[in-house]
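Listing of query25.cif; format and content: mmCIF, N, CA and C atoms.
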data_final
#
loop_
_atom_site.label_atom_id
_atom_site.label_comp_id
_atom_site.auth_asym_id
_atom_site.auth_seq_id
_atom_site.Cartn_x
_atom_site.Cartn_y
_atom_site.Cartn_z
N MET O 1116 81.24 -0.53 78.97
CA MET O 1116 79.84 -0.93 78.92
C MET O 1116 79.15 -0.19 77.78
N ASP O 1117 78.85 -0.91 76.76
CA ASP O 1117 78.20 -0.30 75.60
C ASP O 1117 76.70 -0.16 75.77
N PHE O 1118 76.12 -0.85 76.74
CA PHE O 1118 74.66 -0.92 76.80
C PHE O 1118 74.00 0.15 77.68
N ILE O 1119 74.77 0.97 78.35
CA ILE O 1119 74.18 2.04 79.16
C ILE O 1119 75.13 3.23 79.18
N SER O 1120 74.56 4.41 79.24
CA SER O 1120 75.36 5.63 79.35
C SER O 1120 74.69 6.55 80.37
N GLU O 1121 75.38 7.62 80.70
CA GLU O 1121 74.82 8.60 81.65
C GLU O 1121 73.48 9.15 81.16
N PHE O 1122 73.32 9.21 79.83
CA PHE O 1122 72.09 9.76 79.25
C PHE O 1122 70.89 8.82 79.42
N ASN O 1123 71.17 7.56 79.75
CA ASN O 1123 70.11 6.55 79.92
C ASN O 1123 69.73 6.37 81.39
N ILE O 1124 70.23 7.21 82.27
CA ILE O 1124 69.95 7.10 83.70
C ILE O 1124 69.07 8.27 84.10
N PHE O 1125 67.94 7.94 84.70
CA PHE O 1125 66.97 8.96 85.12
C PHE O 1125 66.71 8.79 86.61
N LEU O 1126 67.11 9.80 87.38
CA LEU O 1126 67.02 9.75 88.84
C LEU O 1126 65.84 10.61 89.30
N SER O 1127 65.09 10.11 90.26
CA SER O 1127 63.93 10.83 90.81
C SER O 1127 62.86 11.10 89.76
N LYS O 1128 62.54 10.09 88.97
CA LYS O 1128 61.48 10.22 87.96
C LYS O 1128 60.13 10.03 88.63
N SER O 1129 59.21 10.91 88.34
CA SER O 1129 57.87 10.82 88.91
C SER O 1129 56.97 10.04 87.96
N CYS O 1130 56.52 8.88 88.41
CA CYS O 1130 55.54 8.06 87.69
C CYS O 1130 54.55 7.55 88.73
N SER O 1131 53.30 7.40 88.33
CA SER O 1131 52.30 6.95 89.30
C SER O 1131 51.82 5.52 89.05
N SER O 1132 52.28 4.90 87.94
CA SER O 1132 51.81 3.56 87.61
C SER O 1132 52.79 2.88 86.64
N LYS O 1133 52.60 1.58 86.46
CA LYS O 1133 53.40 0.85 85.49
C LYS O 1133 53.16 1.42 84.09
N GLU O 1134 51.93 1.72 83.79
CA GLU O 1134 51.58 2.29 82.47
C GLU O 1134 52.36 3.59 82.23
N GLU O 1135 52.41 4.44 83.23
CA GLU O 1135 53.13 5.70 83.10
C GLU O 1135 54.63 5.45 82.96
N LEU O 1136 55.17 4.49 83.70
CA LEU O 1136 56.58 4.13 83.57
C LEU O 1136 56.87 3.63 82.15
N PHE O 1137 56.02 2.76 81.62
CA PHE O 1137 56.23 2.24 80.26
C PHE O 1137 56.08 3.35 79.22
N ASP O 1138 55.16 4.30 79.45
CA ASP O 1138 55.06 5.47 78.56
C ASP O 1138 56.37 6.23 78.55
N PHE O 1139 56.94 6.44 79.74
CA PHE O 1139 58.21 7.16 79.84
C PHE O 1139 59.32 6.39 79.14
N LEU O 1140 59.45 5.10 79.44
CA LEU O 1140 60.52 4.29 78.85
C LEU O 1140 60.44 4.27 77.32
N SER O 1141 59.24 4.08 76.80
CA SER O 1141 59.09 4.00 75.35
C SER O 1141 59.33 5.37 74.70
N GLY O 1142 58.85 6.43 75.34
CA GLY O 1142 59.07 7.77 74.81
C GLY O 1142 60.53 8.17 74.82
N VAL O 1143 61.20 7.90 75.91
CA VAL O 1143 62.61 8.27 76.02
C VAL O 1143 63.46 7.39 75.08
N SER O 1144 63.02 6.17 74.83
CA SER O 1144 63.77 5.32 73.89
C SER O 1144 63.77 5.95 72.50
N LYS O 1145 62.67 6.54 72.12
CA LYS O 1145 62.60 7.23 70.83
C LYS O 1145 63.42 8.52 70.87
N ASP O 1146 63.27 9.28 71.95
CA ASP O 1146 64.02 10.54 72.09
C ASP O 1146 65.53 10.33 72.03
N LEU O 1147 66.01 9.22 72.59
CA LEU O 1147 67.45 8.93 72.62
C LEU O 1147 67.95 8.22 71.37
N GLY O 1148 67.04 7.92 70.44
CA GLY O 1148 67.42 7.23 69.21
C GLY O 1148 67.61 5.73 69.39
N ILE O 1149 67.18 5.20 70.52
CA ILE O 1149 67.26 3.76 70.77
C ILE O 1149 66.23 3.04 69.90
N SER O 1150 65.08 3.69 69.70
CA SER O 1150 64.02 3.12 68.87
C SER O 1150 63.48 4.17 67.92
N ASN O 1151 62.69 3.71 66.96
CA ASN O 1151 62.07 4.64 66.03
C ASN O 1151 60.55 4.65 66.17
N ASP O 1152 60.02 3.91 67.16
CA ASP O 1152 58.57 3.84 67.33
C ASP O 1152 58.23 3.56 68.80
N ALA O 1153 57.88 4.62 69.52
CA ALA O 1153 57.59 4.49 70.96
C ALA O 1153 56.43 3.54 71.22
N ASP O 1154 55.40 3.58 70.36
CA ASP O 1154 54.23 2.71 70.56
C ASP O 1154 54.61 1.23 70.47
N GLU O 1155 55.49 0.90 69.53
CA GLU O 1155 55.93 -0.50 69.39
C GLU O 1155 56.75 -0.94 70.60
N VAL O 1156 57.57 -0.05 71.12
CA VAL O 1156 58.36 -0.38 72.32
C VAL O 1156 57.43 -0.61 73.50
N LYS O 1157 56.46 0.27 73.68
CA LYS O 1157 55.51 0.11 74.79
C LYS O 1157 54.75 -1.20 74.65
N LYS O 1158 54.31 -1.51 73.45
CA LYS O 1158 53.61 -2.78 73.20
C LYS O 1158 54.52 -3.96 73.56
N GLY O 1159 55.80 -3.87 73.15
CA GLY O 1159 56.75 -4.93 73.47
C GLY O 1159 56.95 -5.11 74.96
N LEU O 1160 57.02 -4.01 75.70
CA LEU O 1160 57.17 -4.08 77.16
C LEU O 1160 55.96 -4.78 77.79
N PHE O 1161 54.75 -4.39 77.36
CA PHE O 1161 53.54 -5.01 77.91
C PHE O 1161 53.40 -6.46 77.47
N ASP O 1162 53.76 -6.77 76.20
CA ASP O 1162 53.69 -8.16 75.73
C ASP O 1162 54.59 -9.05 76.58
N ARG O 1163 55.81 -8.58 76.87
CA ARG O 1163 56.73 -9.38 77.69
C ARG O 1163 56.20 -9.51 79.12
N GLU O 1164 55.62 -8.45 79.63
CA GLU O 1164 55.07 -8.47 80.99
C GLU O 1164 53.92 -9.47 81.09
N ASN O 1165 53.15 -9.60 80.01
CA ASN O 1165 52.03 -10.55 79.99
C ASN O 1165 52.50 -12.00 80.03
N GLU O 1166 53.74 -12.24 79.62
CA GLU O 1166 54.33 -13.59 79.68
C GLU O 1166 54.74 -13.95 81.10
N GLY O 1167 54.98 -12.96 81.93
CA GLY O 1167 55.39 -13.19 83.31
C GLY O 1167 55.97 -11.92 83.90
N CYS O 1168 55.77 -11.76 85.16
CA CYS O 1168 56.21 -10.56 85.86
C CYS O 1168 57.73 -10.40 85.80
N THR O 1169 58.17 -9.16 85.60
CA THR O 1169 59.61 -8.91 85.50
C THR O 1169 60.19 -8.29 86.78
N ILE O 1170 59.45 -8.37 87.88
CA ILE O 1170 60.03 -7.96 89.17
C ILE O 1170 61.06 -9.02 89.56
N ILE O 1171 62.25 -8.55 89.93
CA ILE O 1171 63.31 -9.50 90.27
C ILE O 1171 63.70 -9.44 91.74
N GLY O 1172 62.95 -8.69 92.54
CA GLY O 1172 63.20 -8.64 93.97
C GLY O 1172 63.69 -7.29 94.43
N ASP O 1173 63.62 -7.07 95.73
CA ASP O 1173 64.11 -5.84 96.36
C ASP O 1173 63.58 -4.57 95.71
N MET O 1174 62.30 -4.61 95.31
CA MET O 1174 61.63 -3.45 94.70
C MET O 1174 62.28 -3.04 93.37
N ILE O 1175 62.82 -4.03 92.65
CA ILE O 1175 63.47 -3.79 91.36
C ILE O 1175 62.75 -4.59 90.28
N ALA O 1176 62.49 -3.92 89.16
CA ALA O 1176 61.91 -4.61 88.00
C ALA O 1176 62.89 -4.51 86.83
N MET O 1177 62.78 -5.47 85.92
CA MET O 1177 63.60 -5.49 84.73
C MET O 1177 62.70 -5.61 83.49
N PRO O 1178 61.88 -4.59 83.24
CA PRO O 1178 61.03 -4.67 82.04
C PRO O 1178 61.91 -4.66 80.80
N HIS O 1179 61.60 -5.55 79.87
CA HIS O 1179 62.41 -5.60 78.66
C HIS O 1179 61.57 -5.93 77.44
N ALA O 1180 62.12 -5.56 76.30
CA ALA O 1180 61.43 -5.80 75.04
C ALA O 1180 62.45 -5.99 73.93
N ARG O 1181 62.05 -6.80 72.96
CA ARG O 1181 62.82 -6.96 71.73
C ARG O 1181 61.85 -6.64 70.60
N SER O 1182 62.31 -5.83 69.67
CA SER O 1182 61.40 -5.39 68.61
C SER O 1182 62.19 -4.92 67.41
N GLU O 1183 61.56 -4.99 66.24
CA GLU O 1183 62.17 -4.43 65.04
C GLU O 1183 62.24 -2.91 65.12
N ALA O 1184 61.43 -2.31 65.98
CA ALA O 1184 61.43 -0.85 66.15
C ALA O 1184 62.63 -0.37 66.98
N ILE O 1185 63.35 -1.30 67.60
CA ILE O 1185 64.51 -0.94 68.43
C ILE O 1185 65.77 -1.04 67.57
N ASN O 1186 66.54 0.04 67.55
CA ASN O 1186 67.72 0.16 66.68
C ASN O 1186 68.98 -0.42 67.28
N LYS O 1187 69.13 -0.32 68.60
CA LYS O 1187 70.36 -0.78 69.25
C LYS O 1187 70.03 -1.22 70.67
N LEU O 1188 70.81 -2.17 71.15
CA LEU O 1188 70.59 -2.66 72.51
C LEU O 1188 71.04 -1.60 73.51
N GLN O 1189 70.13 -1.25 74.40
CA GLN O 1189 70.45 -0.28 75.45
C GLN O 1189 69.65 -0.62 76.71
N VAL O 1190 70.20 -0.21 77.84
CA VAL O 1190 69.52 -0.31 79.13
C VAL O 1190 69.18 1.10 79.57
N ILE O 1191 67.95 1.28 80.02
CA ILE O 1191 67.52 2.55 80.60
C ILE O 1191 67.26 2.29 82.08
N LEU O 1192 67.92 3.05 82.92
CA LEU O 1192 67.77 2.91 84.37
C LEU O 1192 66.90 4.06 84.89
N VAL O 1193 65.87 3.69 85.63
CA VAL O 1193 64.96 4.70 86.18
C VAL O 1193 64.82 4.48 87.69
N LEU O 1194 65.19 5.51 88.46
CA LEU O 1194 64.93 5.54 89.89
C LEU O 1194 63.67 6.37 90.07
N LEU O 1195 62.65 5.76 90.61
CA LEU O 1195 61.38 6.46 90.80
C LEU O 1195 61.42 7.33 92.05
N GLU O 1196 60.80 8.47 91.95
CA GLU O 1196 60.70 9.40 93.07
C GLU O 1196 60.00 8.74 94.26
N ASN O 1197 58.93 8.00 93.94
CA ASN O 1197 58.17 7.24 94.94
C ASN O 1197 57.85 5.87 94.36
N PRO O 1198 57.79 4.84 95.19
CA PRO O 1198 57.45 3.51 94.69
C PRO O 1198 56.08 3.51 94.00
N ILE O 1199 55.95 2.64 93.00
CA ILE O 1199 54.67 2.45 92.32
C ILE O 1199 54.26 0.99 92.44
N GLU O 1200 52.96 0.76 92.35
CA GLU O 1200 52.48 -0.62 92.30
C GLU O 1200 52.74 -1.14 90.89
N TYR O 1201 53.59 -2.12 90.78
CA TYR O 1201 53.99 -2.66 89.49
C TYR O 1201 53.10 -3.83 89.11
N ASN O 1202 52.84 -4.65 90.08
CA ASN O 1202 51.86 -5.73 89.97
C ASN O 1202 51.03 -5.68 91.23
N LYS O 1203 49.94 -6.39 91.22
CA LYS O 1203 49.05 -6.37 92.39
C LYS O 1203 49.86 -6.68 93.65
N ASP O 1204 49.84 -5.75 94.59
CA ASP O 1204 50.52 -5.90 95.88
C ASP O 1204 52.04 -6.01 95.79
N GLU O 1205 52.63 -5.59 94.65
CA GLU O 1205 54.08 -5.60 94.51
C GLU O 1205 54.53 -4.24 93.99
N ASN O 1206 55.35 -3.56 94.80
CA ASN O 1206 55.83 -2.23 94.44
C ASN O 1206 57.28 -2.27 93.99
N ILE O 1207 57.64 -1.28 93.16
CA ILE O 1207 59.04 -1.11 92.77
C ILE O 1207 59.42 0.37 92.90
N ASP O 1208 60.70 0.62 93.02
CA ASP O 1208 61.20 1.99 92.96
C ASP O 1208 62.38 2.12 92.00
N LEU O 1209 62.76 1.00 91.38
CA LEU O 1209 63.91 0.97 90.49
C LEU O 1209 63.58 0.07 89.30
N ALA O 1210 63.86 0.57 88.09
CA ALA O 1210 63.63 -0.23 86.89
C ALA O 1210 64.86 -0.19 86.00
N TYR O 1211 65.31 -1.36 85.62
CA TYR O 1211 66.37 -1.53 84.63
C TYR O 1211 65.69 -2.07 83.38
N SER O 1212 65.44 -1.22 82.40
CA SER O 1212 64.74 -1.65 81.20
C SER O 1212 65.73 -1.98 80.09
N ILE O 1213 65.66 -3.20 79.60
CA ILE O 1213 66.56 -3.65 78.54
C ILE O 1213 65.77 -3.65 77.24
N LEU O 1214 66.24 -2.88 76.27
CA LEU O 1214 65.60 -2.79 74.97
C LEU O 1214 66.58 -3.29 73.92
N ALA O 1215 66.11 -4.21 73.05
CA ALA O 1215 67.02 -4.82 72.09
C ALA O 1215 66.33 -5.06 70.75
N PRO O 1216 67.11 -4.95 69.67
CA PRO O 1216 66.58 -5.35 68.36
C PRO O 1216 66.31 -6.85 68.35
N LEU O 1217 65.42 -7.30 67.49
CA LEU O 1217 65.11 -8.73 67.41
C LEU O 1217 66.35 -9.57 67.11
N LYS O 1218 67.24 -9.04 66.28
CA LYS O 1218 68.41 -9.83 65.85
C LYS O 1218 69.53 -9.88 66.88
N ALA O 1219 69.42 -9.16 67.97
CA ALA O 1219 70.50 -9.09 68.97
C ALA O 1219 70.40 -10.21 69.99
N ASN O 1220 70.50 -11.45 69.53
CA ASN O 1220 70.30 -12.60 70.42
C ASN O 1220 71.36 -12.71 71.50
N ASN O 1221 72.62 -12.88 71.09
CA ASN O 1221 73.70 -13.06 72.07
C ASN O 1221 73.91 -11.81 72.92
N GLU O 1222 73.82 -10.64 72.26
CA GLU O 1222 73.99 -9.38 72.98
C GLU O 1222 72.90 -9.20 74.04
N PHE O 1223 71.69 -9.63 73.71
CA PHE O 1223 70.58 -9.53 74.65
C PHE O 1223 70.82 -10.41 75.88
N ILE O 1224 71.26 -11.62 75.64
CA ILE O 1224 71.57 -12.55 76.74
C ILE O 1224 72.69 -11.98 77.61
N ASP O 1225 73.72 -11.43 76.96
CA ASP O 1225 74.84 -10.83 77.70
C ASP O 1225 74.37 -9.65 78.55
N ALA O 1226 73.49 -8.81 77.99
CA ALA O 1226 72.98 -7.66 78.74
C ALA O 1226 72.14 -8.12 79.92
N LEU O 1227 71.28 -9.12 79.70
CA LEU O 1227 70.49 -9.67 80.82
C LEU O 1227 71.41 -10.16 81.94
N SER O 1228 72.45 -10.87 81.57
CA SER O 1228 73.40 -11.39 82.55
C SER O 1228 74.11 -10.25 83.28
N SER O 1229 74.55 -9.24 82.55
CA SER O 1229 75.24 -8.10 83.17
C SER O 1229 74.31 -7.35 84.13
N VAL O 1230 73.09 -7.11 83.69
CA VAL O 1230 72.15 -6.39 84.56
C VAL O 1230 71.84 -7.24 85.80
N ALA O 1231 71.70 -8.54 85.64
CA ALA O 1231 71.45 -9.42 86.79
C ALA O 1231 72.61 -9.30 87.79
N THR O 1232 73.83 -9.25 87.29
CA THR O 1232 75.01 -9.08 88.16
C THR O 1232 74.96 -7.74 88.88
N ILE O 1233 74.64 -6.69 88.14
CA ILE O 1233 74.57 -5.34 88.70
C ILE O 1233 73.51 -5.26 89.79
N VAL O 1234 72.35 -5.85 89.52
CA VAL O 1234 71.22 -5.79 90.45
C VAL O 1234 71.53 -6.50 91.77
N GLN O 1235 72.36 -7.52 91.71
CA GLN O 1235 72.68 -8.30 92.91
C GLN O 1235 73.67 -7.59 93.83
N ASN O 1236 74.22 -6.48 93.40
CA ASN O 1236 75.19 -5.76 94.21
C ASN O 1236 74.47 -4.74 95.08
N ASP O 1237 74.32 -5.06 96.36
CA ASP O 1237 73.57 -4.20 97.29
C ASP O 1237 74.18 -2.81 97.44
N GLU O 1238 75.50 -2.75 97.42
CA GLU O 1238 76.18 -1.45 97.55
C GLU O 1238 75.82 -0.53 96.37
N LEU O 1239 75.78 -1.10 95.19
CA LEU O 1239 75.42 -0.32 94.00
C LEU O 1239 73.96 0.12 94.05
N GLN O 1240 73.07 -0.77 94.48
CA GLN O 1240 71.65 -0.39 94.56
C GLN O 1240 71.45 0.73 95.59
N ALA O 1241 72.19 0.67 96.69
CA ALA O 1241 72.10 1.74 97.70
C ALA O 1241 72.63 3.05 97.12
N LEU O 1242 73.74 2.98 96.37
CA LEU O 1242 74.28 4.17 95.73
C LEU O 1242 73.24 4.80 94.80
N ILE O 1243 72.60 3.98 93.98
CA ILE O 1243 71.59 4.49 93.05
C ILE O 1243 70.43 5.12 93.81
N ARG O 1244 69.93 4.44 94.81
CA ARG O 1244 68.77 4.94 95.55
C ARG O 1244 69.07 6.22 96.31
N ASN O 1245 70.33 6.47 96.62
CA ASN O 1245 70.72 7.69 97.32
C ASN O 1245 71.28 8.76 96.39
N SER O 1246 71.19 8.52 95.09
CA SER O 1246 71.76 9.45 94.11
C SER O 1246 70.76 10.54 93.73
N LYS O 1247 71.32 11.60 93.19
CA LYS O 1247 70.50 12.69 92.66
C LYS O 1247 71.05 13.06 91.29
N LYS O 1248 70.30 13.87 90.57
CA LYS O 1248 70.74 14.31 89.25
C LYS O 1248 72.17 14.85 89.35
N GLY O 1249 73.01 14.40 88.45
CA GLY O 1249 74.42 14.79 88.49
C GLY O 1249 75.32 13.65 88.95
N ASP O 1250 74.73 12.60 89.54
CA ASP O 1250 75.50 11.46 90.04
C ASP O 1250 75.61 10.32 89.02
N GLU O 1251 75.14 10.54 87.81
CA GLU O 1251 75.09 9.47 86.81
C GLU O 1251 76.47 8.86 86.52
N SER O 1252 77.51 9.68 86.46
CA SER O 1252 78.85 9.15 86.17
C SER O 1252 79.35 8.26 87.30
N LYS O 1253 79.01 8.60 88.54
CA LYS O 1253 79.38 7.75 89.68
C LYS O 1253 78.71 6.38 89.57
N ILE O 1254 77.44 6.40 89.13
CA ILE O 1254 76.70 5.14 88.98
C ILE O 1254 77.34 4.28 87.89
N ILE O 1255 77.68 4.89 86.76
CA ILE O 1255 78.32 4.15 85.66
C ILE O 1255 79.65 3.57 86.13
N SER O 1256 80.45 4.35 86.84
CA SER O 1256 81.75 3.86 87.34
C SER O 1256 81.57 2.66 88.26
N LYS O 1257 80.59 2.74 89.16
CA LYS O 1257 80.34 1.63 90.08
C LYS O 1257 79.85 0.40 89.32
N MET O 1258 79.01 0.58 88.31
CA MET O 1258 78.56 -0.56 87.50
C MET O 1258 79.74 -1.24 86.82
N GLU O 1259 80.64 -0.43 86.26
CA GLU O 1259 81.83 -0.98 85.60
C GLU O 1259 82.68 -1.76 86.58
N GLU O 1260 82.83 -1.22 87.78
CA GLU O 1260 83.62 -1.89 88.83
C GLU O 1260 82.98 -3.23 89.21
N VAL O 1261 81.67 -3.23 89.39
CA VAL O 1261 80.95 -4.45 89.75
C VAL O 1261 81.12 -5.52 88.68
N LEU O 1262 80.96 -5.13 87.42
CA LEU O 1262 81.09 -6.09 86.33
C LEU O 1262 82.52 -6.59 86.18
N LYS O 1263 83.50 -5.70 86.36
CA LYS O 1263 84.91 -6.08 86.25
C LYS O 1263 85.27 -7.08 87.34
N ASN O 1264 84.78 -6.85 88.55
CA ASN O 1264 85.10 -7.73 89.68
C ASN O 1264 84.35 -9.05 89.64
N ASN O 1265 83.40 -9.16 88.74
CA ASN O 1265 82.59 -10.38 88.67
C ASN O 1265 83.06 -11.31 87.54
N VAL O 1266 84.09 -10.89 86.81
CA VAL O 1266 84.54 -11.69 85.65
C VAL O 1266 85.19 -12.97 86.10
#
Would you write out, as structure tokens, the structure that this file holds?
Amino acid sequence: MDFISEFNIFLSKSCSSKEELFDFLSGVSKDLGISNDADEVKKGLFDRENEGCTIIGDMIAMPHARSEAINKLQVILVLLENPIEYNKDENIDLAYSILAPLKANNEFIDALSSVATIVQNDELQALIRNSKKGDESKIISKMEEVLKNNV
């Protein structure tokens, strides 16, 4: 899996709002070298959200953005310490954020499909929700297993 690594998984992250979550995602994207402009990434996340809600069920959101400021396609996984209101009357505690360069058309579609497969695996979601710092490699292994078994 080229689109996520242990360094892109954040367990028990404290955020109080969608805005704070997007601040974290955009900032960490720059810190990890995924992007070169946190403000552009944040704008891209909100622009996509304005097109339609990215909650996909079971308190999981898939905020995503494509931008020239993004250097490589990556997924950032965030388990929130406490659920936040993501949209009016809709809470989330898990976010799979897909960030992609504008030119990464096929790769972006492939990542969306892979994340959709991962999200549908209840055992994996339970593993993530019960994980703590240091469990990132177990999460990656389970994701690989889920994707391999779904081919």
Applying the PyMOL selection byres (((chain O and resi 1188-1198 and name CA) around 8) and name CA) to the file I just gave you, which residues come out? Please list them as a CSV table (one decimal) with N, CA and C atoms, in the coordinates of the input.
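In the end it all went to selection_3.csv:
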chain,number,residue,atom,x,y,z
O,1117,ASP,N,78.8,-0.9,76.8
O,1117,ASP,CA,78.2,-0.3,75.6
O,1117,ASP,C,76.7,-0.2,75.8
O,1118,PHE,N,76.1,-0.8,76.7
O,1118,PHE,CA,74.7,-0.9,76.8
O,1118,PHE,C,74.0,0.2,77.7
O,1119,ILE,N,74.8,1.0,78.4
O,1119,ILE,CA,74.2,2.0,79.2
O,1119,ILE,C,75.1,3.2,79.2
O,1123,ASN,N,71.2,7.6,79.8
O,1123,ASN,CA,70.1,6.6,79.9
O,1123,ASN,C,69.7,6.4,81.4
O,1124,ILE,N,70.2,7.2,82.3
O,1124,ILE,CA,70.0,7.1,83.7
O,1124,ILE,C,69.1,8.3,84.1
O,1125,PHE,N,67.9,7.9,84.7
O,1125,PHE,CA,67.0,9.0,85.1
O,1125,PHE,C,66.7,8.8,86.6
O,1126,LEU,N,67.1,9.8,87.4
O,1126,LEU,CA,67.0,9.8,88.8
O,1126,LEU,C,65.8,10.6,89.3
O,1127,SER,N,65.1,10.1,90.3
O,1127,SER,CA,63.9,10.8,90.8
O,1127,SER,C,62.9,11.1,89.8
O,1128,LYS,N,62.5,10.1,89.0
O,1128,LYS,CA,61.5,10.2,88.0
O,1128,LYS,C,60.1,10.0,88.6
O,1129,SER,N,59.2,10.9,88.3
O,1129,SER,CA,57.9,10.8,88.9
O,1129,SER,C,57.0,10.0,88.0
O,1130,CYS,N,56.5,8.9,88.4
O,1130,CYS,CA,55.5,8.1,87.7
O,1130,CYS,C,54.6,7.6,88.7
O,1140,LEU,N,59.4,5.1,79.4
O,1140,LEU,CA,60.5,4.3,78.8
O,1140,LEU,C,60.4,4.3,77.3
O,1149,ILE,N,67.2,5.2,70.5
O,1149,ILE,CA,67.3,3.8,70.8
O,1149,ILE,C,66.2,3.0,69.9
O,1185,ILE,N,63.4,-1.3,67.6
O,1185,ILE,CA,64.5,-0.9,68.4
O,1185,ILE,C,65.8,-1.0,67.6
O,1186,ASN,N,66.5,0.0,67.6
O,1186,ASN,CA,67.7,0.2,66.7
O,1186,ASN,C,69.0,-0.4,67.3
O,1187,LYS,N,69.1,-0.3,68.6
O,1187,LYS,CA,70.4,-0.8,69.2
O,1187,LYS,C,70.0,-1.2,70.7
O,1199,ILE,N,56.0,2.6,93.0
O,1199,ILE,CA,54.7,2.4,92.3
O,1199,ILE,C,54.3,1.0,92.4
O,1200,GLU,N,53.0,0.8,92.4
O,1200,GLU,CA,52.5,-0.6,92.3
O,1200,GLU,C,52.7,-1.1,90.9
O,1206,ASN,N,55.4,-3.6,94.8
O,1206,ASN,CA,55.8,-2.2,94.4
O,1206,ASN,C,57.3,-2.3,94.0
O,1207,ILE,N,57.6,-1.3,93.2
O,1207,ILE,CA,59.0,-1.1,92.8
O,1207,ILE,C,59.4,0.4,92.9
O,1208,ASP,N,60.7,0.6,93.0
O,1208,ASP,CA,61.2,2.0,93.0
O,1208,ASP,C,62.4,2.1,92.0
O,1209,LEU,N,62.8,1.0,91.4
O,1209,LEU,CA,63.9,1.0,90.5
O,1209,LEU,C,63.6,0.1,89.3
O,1210,ALA,N,63.9,0.6,88.1
O,1210,ALA,CA,63.6,-0.2,86.9
O,1210,ALA,C,64.9,-0.2,86.0
O,1211,TYR,N,65.3,-1.4,85.6
O,1211,TYR,CA,66.4,-1.5,84.6
O,1211,TYR,C,65.7,-2.1,83.4
O,1212,SER,N,65.4,-1.2,82.4
O,1212,SER,CA,64.7,-1.6,81.2
O,1212,SER,C,65.7,-2.0,80.1
O,1213,ILE,N,65.7,-3.2,79.6
O,1213,ILE,CA,66.6,-3.6,78.5
O,1213,ILE,C,65.8,-3.6,77.2
O,1214,LEU,N,66.2,-2.9,76.3
O,1214,LEU,CA,65.6,-2.8,75.0
O,1214,LEU,C,66.6,-3.3,73.9
O,1215,ALA,N,66.1,-4.2,73.0
O,1215,ALA,CA,67.0,-4.8,72.1
O,1215,ALA,C,66.3,-5.1,70.8
O,1216,PRO,N,67.1,-5.0,69.7
O,1216,PRO,CA,66.6,-5.4,68.4
O,1216,PRO,C,66.3,-6.8,68.4
O,1219,ALA,N,69.4,-9.2,68.0
O,1219,ALA,CA,70.5,-9.1,69.0
O,1219,ALA,C,70.4,-10.2,70.0
O,1222,GLU,N,73.8,-10.6,72.3
O,1222,GLU,CA,74.0,-9.4,73.0
O,1222,GLU,C,72.9,-9.2,74.0
O,1223,PHE,N,71.7,-9.6,73.7
O,1223,PHE,CA,70.6,-9.5,74.6
O,1223,PHE,C,70.8,-10.4,75.9
O,1243,ILE,N,72.6,4.0,94.0
O,1243,ILE,CA,71.6,4.5,93.0
O,1243,ILE,C,70.4,5.1,93.8
O,1244,ARG,N,69.9,4.4,94.8
O,1244,ARG,CA,68.8,4.9,95.6
O,1244,ARG,C,69.1,6.2,96.3
Expressed in Å to a single decimal, how great is the separation between CA of Leu1147 in chain O and CA of Ser1256 in chain O?
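Here the two named atoms are 21.1 Å from each other.
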If we count only N, CA and C atoms, what is near Ile1233 in chain O at a cut-off of 8 Å, once residues fewer than 3 positions away on the same chain are taken out, given as a PyMOL selection string?
chain O and resi 1227-1230+1236-1237+1239-1240+1257-1258+1261-1262
Run through the PyMOL selection byres ((chain O and resi 1150) around 8) on the given coordinates and return the selected residues as a tab-separated table (two decimals) with N, CA and C atoms, keeping the file's coordinate frame.
chain	number	residue	atom	x	y	z
O	1141	SER	N	59.24	4.08	76.80
O	1141	SER	CA	59.09	4.00	75.35
O	1141	SER	C	59.33	5.37	74.70
O	1143	VAL	N	61.20	7.90	75.91
O	1143	VAL	CA	62.61	8.27	76.02
O	1143	VAL	C	63.46	7.39	75.08
O	1144	SER	N	63.02	6.17	74.83
O	1144	SER	CA	63.77	5.32	73.89
O	1144	SER	C	63.77	5.95	72.50
O	1145	LYS	N	62.67	6.54	72.12
O	1145	LYS	CA	62.60	7.23	70.83
O	1145	LYS	C	63.42	8.52	70.87
O	1146	ASP	N	63.27	9.28	71.95
O	1146	ASP	CA	64.02	10.54	72.09
O	1146	ASP	C	65.53	10.33	72.03
O	1147	LEU	N	66.01	9.22	72.59
O	1147	LEU	CA	67.45	8.93	72.62
O	1147	LEU	C	67.95	8.22	71.37
O	1148	GLY	N	67.04	7.92	70.44
O	1148	GLY	CA	67.42	7.23	69.21
O	1148	GLY	C	67.61	5.73	69.39
O	1149	ILE	N	67.18	5.20	70.52
O	1149	ILE	CA	67.26	3.76	70.77
O	1149	ILE	C	66.23	3.04	69.90
O	1151	ASN	N	62.69	3.71	66.96
O	1151	ASN	CA	62.07	4.64	66.03
O	1151	ASN	C	60.55	4.65	66.17
O	1152	ASP	N	60.02	3.91	67.16
O	1152	ASP	CA	58.57	3.84	67.33
O	1152	ASP	C	58.23	3.56	68.80
O	1153	ALA	N	57.88	4.62	69.52
O	1153	ALA	CA	57.59	4.49	70.96
O	1153	ALA	C	56.43	3.54	71.22
O	1156	VAL	N	57.57	-0.05	71.12
O	1156	VAL	CA	58.36	-0.38	72.32
O	1156	VAL	C	57.43	-0.61	73.50
O	1183	GLU	N	61.56	-4.99	66.24
O	1183	GLU	CA	62.17	-4.43	65.04
O	1183	GLU	C	62.24	-2.91	65.12
O	1184	ALA	N	61.43	-2.31	65.98
O	1184	ALA	CA	61.43	-0.85	66.15
O	1184	ALA	C	62.63	-0.37	66.98
O	1185	ILE	N	63.35	-1.30	67.60
O	1185	ILE	CA	64.51	-0.94	68.43
O	1185	ILE	C	65.77	-1.04	67.57
O	1186	ASN	N	66.54	0.04	67.55
O	1186	ASN	CA	67.72	0.16	66.68
O	1186	ASN	C	68.98	-0.42	67.28
O	1187	LYS	N	69.13	-0.32	68.60
O	1187	LYS	CA	70.36	-0.78	69.25
O	1187	LYS	C	70.03	-1.22	70.67
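The interatomic distance for the pair CA of Asp1162 in chain O and CA of Phe1122 in chain O works out to 25.9 Å.
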